[in-house]
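Asker: Pasting a structure here, questions to come.
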Amino acid sequence: MPSKFDEIIDRRSKSNSIKWHAFPEDTLPMWVADMDFAAPPAILGALHGAIGHGVLGYEFPSKQLQESVAKRMQKLYSWDVKADDVVPVPGLVTGFNIAASIGVKPSEGILIQTPVYPPFMKVQKNTATVTQIAELKKVTNDRTLHYEVDWDVFESAVHSNDAKTSMFLFCNPHNPTGTIYSDEDLKRMVDICEREDILICSDEIHSELLLDGNKFTPIANISPEAAQRTITLIAASKTFNVAGLFVGFAIIQNESIRRRFMAESEKMTLHTNTFGHIAAEVGFSGVCDGWLEELLAYLTDNRNFLVDYVKKNFPGVKITNPESTFLAWLDFSELIEQGKVTMPLQDFFIEKGKIAINDGPTFGPGGGGFVRLNFGCPRETLIEGLERIKAALA
Ligand SMILES: Cc1ncc(COP(=O)(O)O)c(C=O)c1O
């Protein structure tokens with residue numbers, strides 16, 4: 001049966017989408033992490049209603065909006081969050097940069113796990129702090145890849161490069177590997193951060209994009225101690241494909257950290273967008289949960305199709321089987337060694353296949369020889385993209 005997510009929506013001539021405009025017209029974009037699907041009708045209806053009012057002046061993020069975030073956390077994870085713990089931010093990248101500004105002094109360190117979403121590696125530069133890298137362990141099972149924490153590597157990255165680690169900037173579910181960390185891993189991370197007095201900033205933007213019905217635990221909900229040292233960043237932006245509205249939320253249960261975070265945000269006049277408030281409130285209210293369920297089924301099918309296609313058609317290429325997100329991570333290093341593809345891979349695939357995918361090295365150590373591919377698109381687009389990669393390899 002056809003799905004509403006099969007519809008091909010023209011983003012190139014009908015929008016200024018970054019994804020669809022950064023490369024020449026003959027190039028199919030499967031890079032930037034937004035999806036080629038329309039947002040849920042309930043969100044679009046509420047946005048139309050707001051425009052119908054006619055006056056688009058400054059607005060507060062309402063108490064009701066903060067409550068909708070708190071209720072969502074209660075409903076999804078039985079996590080007891082108060083409306084006042086919720087601080088709106090104009091995006092999660094902004095959120096973790098604020099966290100670094102208040103939590104890390106210049107010359108102190110921020111620990112990250114690579115390969116990782118590239119803005120995680122810019123924070124240190126923005127805040128004159130030190131980069132501390134705990135590379136994830138790549139585990140290969142036949143042609144499938146998955147990633148684990150190497151605890152020796154993690155422990156030795158703490159206070160490395162002659163700097164005290166003051167913040168652990170965590171990505172869960174992990175972009176680009178699609179890993180959802182287990183409760184056991186989260187407990188171990190919290191224990192280390194407790195022992196070494198490290199602030200945790202957890203980017204959980206992909207936490208509702210769970211494939212195969214997987215479960216997710218926010219690290220702050222592991223224990224009351226974890227909650228007291230964690231800034232959790234969430235949004236409706238990936239879940240309901242409204243990333244261009246630029247609203248996210250920091251959940252901060254430690255009052256002193258929250259006050260400092262809010263003061264820093266105010267100092268920079270980091271106010272949030274009215275349409276983003278509306279989209280988040282509707283998304284978190286639960287009225288789009290049926291839409292989300294269908295989306296997750298569609299993404300799971302896309303993921304299965306993709307992994308199967310890669311194994312059948314791209315000999316020598318390995319791929320993750322992501323547990324979450326609409327992002328796959330492909331290892332071309334064997335083909336590079338054989339001279340069949342050349343680095344940088346993004347240029348190679350644009351030139352030979354007219355397809356734009358993210359280049360692995362931009363995700364930091366562990367990214368060489370990889371690309372990230374976005375499968376948040378109609379199946380027909382996914383097939384077209386895979387055929388283009390196949391043609392480039394041929
Ligand atoms: C892990 C992660 N964090 C943050 C973002 C961007 O968030 P925002 O647009 O709210 O700044 C993305 C977008 O791809 C992401 O994957």
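In the structure tokens, chains take the letters A, B, ... in the order shown, each chain's residues start at 1, and ligands count up from 1 in the order shown.
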Could you list the protein, DNA and RNA residues that have any atom within 10 Å of ligand 1, counting only C-alpha atoms and all ligand atoms, and write them as number ranges by chain?

Answerer: A: 31-34, 89-97, 116-120, 170-176, 202-207, 233-238, 242-249, 325-327

Asker: Restricting the output to C-alpha atoms, write the selected residues as a short mmCIF file (atom, residue, chain, number, x, y, z; two decimals), in the first residue's frame.

Answerer:
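Dumped everything to again_7.cif:
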data_model
loop_
_atom_site.label_atom_id
_atom_site.label_comp_id
_atom_site.auth_asym_id
_atom_site.auth_seq_id
_atom_site.Cartn_x
_atom_site.Cartn_y
_atom_site.Cartn_z
CA TRP A 31 23.34 14.85 3.11
CA VAL A 32 21.99 17.56 5.56
CA ALA A 33 19.95 15.95 8.34
CA ASP A 34 16.42 16.97 7.50
CA VAL A 89 16.74 27.73 22.99
CA PRO A 90 16.98 28.71 19.32
CA GLY A 91 18.42 25.33 18.33
CA LEU A 92 20.51 22.64 19.97
CA VAL A 93 23.83 23.77 18.54
CA THR A 94 23.18 27.09 20.27
CA GLY A 95 22.21 25.13 23.38
CA PHE A 96 25.48 23.21 23.65
CA ASN A 97 27.50 26.32 22.92
CA VAL A 116 30.39 12.79 15.73
CA TYR A 117 28.09 15.51 14.36
CA PRO A 118 30.62 18.13 13.16
CA PRO A 119 29.47 21.14 15.30
CA PHE A 120 30.59 19.10 18.37
CA PHE A 170 27.30 13.57 24.67
CA CYS A 171 25.27 12.65 21.59
CA ASN A 172 22.55 10.07 22.22
CA PRO A 173 21.22 8.62 19.96
CA HIS A 174 24.52 9.05 18.24
CA ASN A 175 24.92 10.92 14.96
CA PRO A 176 26.33 9.52 12.62
CA SER A 202 23.43 15.52 26.39
CA ASP A 203 22.22 16.25 22.86
CA GLU A 204 19.13 14.03 22.50
CA ILE A 205 17.71 15.61 19.34
CA HIS A 206 17.20 12.19 17.68
CA SER A 207 15.65 10.55 20.75
CA LEU A 233 18.90 19.19 24.91
CA ILE A 234 15.81 18.06 23.03
CA ALA A 235 13.58 19.35 20.23
CA ALA A 236 10.60 18.51 18.08
CA SER A 237 12.66 19.55 15.06
CA LYS A 238 14.00 16.20 13.83
CA VAL A 242 10.45 21.28 11.41
CA ALA A 243 14.15 22.05 11.87
CA GLY A 244 13.91 25.36 9.96
CA LEU A 245 11.73 26.81 12.75
CA PHE A 246 14.71 26.87 15.15
CA VAL A 247 13.34 25.99 18.57
CA GLY A 248 14.77 23.47 20.99
CA PHE A 249 14.77 23.03 24.76
CA THR A 325 17.93 8.44 13.23
CA PHE A 326 17.54 8.52 9.44
CA LEU A 327 21.31 8.51 8.93
#

Asker: Check segment 255-368 of chain A with DSSP on the backbone and list each residue it calls strand (DSSP E or B), as a list in words.

Answerer: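 Across segment 255-368 of chain A, those assigned strand (DSSP E or B) are Lys318, Ile319, Thr320, Ser324, Leu327, Ala328, Trp329, Leu330, Asp331, Ile355, Ala356, Asn358 and Asp359 of chain A.
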
Asker: Name all residues at most 6 Å from segment 130-146 of chain A (count only C-alpha atoms; drop same-chain ones fewer than 3 positions away) and give them as a list in words.

Answerer: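 The residues satisfying every condition are Ser107, Glu108, Gly109, Ile110, Leu111, Ile112, Gln113, Thr114, Gln124, Val149, Asp150, Val153, Phe154, Ala157, Lys318, Ile319 and Thr320 of chain A.
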
Asker: Could the residues in this selection be written to a file with N, CA and C atoms, as a short mmCIF file (atom, residue, chain, number, x, y, z; two decimals), in the first residue's frame?

Answerer:
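Output (out-v6.cif):
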data_model
loop_
_atom_site.label_atom_id
_atom_site.label_comp_id
_atom_site.auth_asym_id
_atom_site.auth_seq_id
_atom_site.Cartn_x
_atom_site.Cartn_y
_atom_site.Cartn_z
N SER A 107 40.84 27.02 28.54
CA SER A 107 41.93 26.10 28.90
C SER A 107 41.45 24.83 29.65
N GLU A 108 40.16 24.76 29.98
CA GLU A 108 39.61 23.47 30.46
C GLU A 108 39.12 22.68 29.23
N GLY A 109 38.73 21.42 29.46
CA GLY A 109 38.44 20.55 28.33
C GLY A 109 36.98 20.14 28.18
N ILE A 110 36.62 19.83 26.93
CA ILE A 110 35.30 19.26 26.62
C ILE A 110 35.53 17.91 25.94
N LEU A 111 34.96 16.88 26.54
CA LEU A 111 35.14 15.51 26.05
C LEU A 111 34.03 15.16 25.04
N ILE A 112 34.45 14.64 23.88
CA ILE A 112 33.47 14.20 22.88
C ILE A 112 33.85 12.81 22.37
N GLN A 113 32.85 12.11 21.81
CA GLN A 113 33.09 10.77 21.28
C GLN A 113 32.96 10.82 19.76
N THR A 114 34.06 10.63 19.07
CA THR A 114 34.04 10.69 17.61
C THR A 114 33.97 9.28 17.02
N GLN A 124 34.78 23.87 21.06
CA GLN A 124 36.04 24.17 21.76
C GLN A 124 36.67 25.43 21.18
N VAL A 149 31.39 1.89 23.21
CA VAL A 149 32.33 2.72 23.97
C VAL A 149 33.53 1.83 24.31
N ASP A 150 34.73 2.34 24.04
CA ASP A 150 35.94 1.67 24.51
C ASP A 150 36.27 2.36 25.84
N VAL A 153 39.70 3.84 26.43
CA VAL A 153 39.89 5.08 25.65
C VAL A 153 39.12 6.23 26.31
N PHE A 154 37.91 5.94 26.76
CA PHE A 154 37.08 6.97 27.39
C PHE A 154 37.79 7.51 28.64
N ALA A 157 40.75 9.62 27.89
CA ALA A 157 40.46 10.95 27.30
C ALA A 157 40.10 11.98 28.38
N LYS A 318 30.99 -1.51 3.91
CA LYS A 318 30.31 -1.89 5.17
C LYS A 318 29.36 -0.78 5.57
N ILE A 319 28.33 -1.15 6.32
CA ILE A 319 27.30 -0.16 6.68
C ILE A 319 26.77 -0.44 8.08
N THR A 320 26.41 0.64 8.78
CA THR A 320 25.75 0.48 10.08
C THR A 320 24.32 0.00 9.84
#

Asker: Would you mind telling me which residue in A:Arg188, A:Arg11, A:Lys390, A:Arg72 lies nearest to Val310 of chain A when using only C-alpha atoms?

Answerer: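 Looking at the shortest contact to Val310 of chain A, the residue is A:Lys390.
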
Asker: Extract, using only C-alpha atoms, all DNA, RNA and protein residues at most 8 Å from Ala100 of chain A, discarding same-chain residues fewer than 6 positions from it, and format them as a list of chain:residue names.

Answerer: A:Ile110, A:Val123, A:Thr127, A:Met167

Asker: A:Met121, A:Ala226, A:Ala163, A:Leu386: which is nearest Glu194 of chain A, counting only C-alpha atoms?

Answerer: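 Of all the options, A:Ala226 lies closest to Glu194 of chain A.
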
Asker: Quick check for you: according to DSSP on this backbone, which residues of segment 216-279 of chain A are classed as helix (DSSP H, G or I)? Reply as a PyMOL selection string.

Answerer: chain A and resi 219-222+224-228+243-245+255-267+274-279

Asker: What is the atom CA of Ser166 of chain A-atom CA of Glu264 of chain A distance in Å, reported with one decimal?

Answerer: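 Atom CA of Glu264 of chain A lies 17.5 Å from atom CA of Ser166 of chain A.
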
Asker: Show me, as a tab-separated table, the residues of segment 220-308 of chain A having an atom within 8 Å of segment 197-201 of chain A, each with the closest atom pair and its distance in Å, using only C-alpha atoms.

Answerer:
residue	atom	partner	partner_atom	distance
A:Arg229	CA	A:Leu199	CA	5.3
A:Thr230	CA	A:Ile200	CA	4.6
A:Ile231	CA	A:Cys201	CA	4.7
A:Thr232	CA	A:Cys201	CA	6.0
A:Leu233	CA	A:Cys201	CA	7.5

Asker: Just C-alpha atoms for this one: save the residues we selected as a compact mmCIF listing (two decimals), in the first residue's frame.

Answerer:
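Final file, selection_29.txt:
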# COMPACT_ATOMS: atom_id res chain seq x y z
CA ARG A 229 24.76 17.45 36.66
CA THR A 230 23.07 17.25 33.25
CA ILE A 231 21.82 19.74 30.68
CA THR A 232 19.57 17.74 28.34
CA LEU A 233 18.90 19.19 24.91

Asker: Looking at only C-alpha atoms, which of A:Ser101, A:Asn254, A:Thr342, A:Thr165 is the one that sits closest to Ala220 of chain A?

Answerer: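 Residue with the minimum atom-to-atom distance to Ala220 of chain A: A:Asn254.
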
Asker: Of the residues A:Ala42, A:Ile336, A:Ile222, A:Ala297, which is the one nearest to Ile278 of chain A, using only C-alpha atoms?

Answerer: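 Using only C-alpha atoms, Ile278 of chain A sits closest to A:Ala42.
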
Asker: Contacts of segment 285-290 of chain A at 12 Å or less, counting only C-alpha atoms, minus same-chain residues fewer than 5 places along, as a ChimeraX atom specification?

Answerer: /A:39-46,64-76,208-209,236,239-241,278-280,295-297

Asker: Atoms to include: C-alpha atoms. Write the selected residues as a PDB file, in the first residue's frame.

Answerer:
ATOM      1  CA  ALA A  39       5.410  17.951   8.630  1.00  0.00           C
ATOM      2  CA  PRO A  40       2.344  16.416  10.340  1.00  0.00           C
ATOM      3  CA  PRO A  41      -1.002  17.985   9.299  1.00  0.00           C
ATOM      4  CA  ALA A  42      -1.778  19.016  12.922  1.00  0.00           C
ATOM      5  CA  ILE A  43       1.405  21.102  13.067  1.00  0.00           C
ATOM      6  CA  LEU A  44       0.817  22.632   9.638  1.00  0.00           C
ATOM      7  CA  GLY A  45      -2.794  23.431  10.617  1.00  0.00           C
ATOM      8  CA  ALA A  46      -1.696  25.180  13.816  1.00  0.00           C
ATOM      9  CA  GLN A  64       1.899  25.797  28.405  1.00  0.00           C
ATOM     10  CA  LEU A  65       4.769  25.156  25.997  1.00  0.00           C
ATOM     11  CA  GLN A  66       7.161  24.388  28.865  1.00  0.00           C
ATOM     12  CA  GLU A  67       4.492  22.145  30.381  1.00  0.00           C
ATOM     13  CA  SER A  68       4.081  20.283  27.082  1.00  0.00           C
ATOM     14  CA  VAL A  69       7.815  19.445  27.162  1.00  0.00           C
ATOM     15  CA  ALA A  70       7.633  18.337  30.808  1.00  0.00           C
ATOM     16  CA  LYS A  71       4.570  16.174  30.120  1.00  0.00           C
ATOM     17  CA  ARG A  72       6.244  14.582  27.096  1.00  0.00           C
ATOM     18  CA  MET A  73       9.208  13.545  29.286  1.00  0.00           C
ATOM     19  CA  GLN A  74       6.805  12.091  31.861  1.00  0.00           C
ATOM     20  CA  LYS A  75       4.858  10.214  29.201  1.00  0.00           C
ATOM     21  CA  LEU A  76       7.868   8.827  27.291  1.00  0.00           C
ATOM     22  CA  GLU A 208      12.178  10.083  19.257  1.00  0.00           C
ATOM     23  CA  LEU A 209      13.446   8.652  15.966  1.00  0.00           C
ATOM     24  CA  ALA A 236      10.597  18.508  18.078  1.00  0.00           C
ATOM     25  CA  THR A 239      11.009  14.152  14.987  1.00  0.00           C
ATOM     26  CA  PHE A 240       8.426  16.208  13.105  1.00  0.00           C
ATOM     27  CA  ASN A 241      10.740  17.616  10.422  1.00  0.00           C
ATOM     28  CA  ILE A 278       3.693  26.317  18.042  1.00  0.00           C
ATOM     29  CA  ALA A 279       5.208  23.338  16.207  1.00  0.00           C
ATOM     30  CA  ALA A 280       6.852  22.022  19.379  1.00  0.00           C
ATOM     31  CA  LEU A 295       7.085   7.697   9.962  1.00  0.00           C
ATOM     32  CA  LEU A 296       9.130   5.297  12.103  1.00  0.00           C
ATOM     33  CA  ALA A 297       7.726   2.292  10.227  1.00  0.00           C
TER      34      ALA A 297
END

Asker: Please determine, counting only C-alpha atoms, which residue among A:Glu255, A:Thr177, A:Gly368, A:Lys267 has the shortest atom-to-atom distance to Ser324 of chain A.

Answerer: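 Of all the options, A:Thr177 lies closest to Ser324 of chain A.
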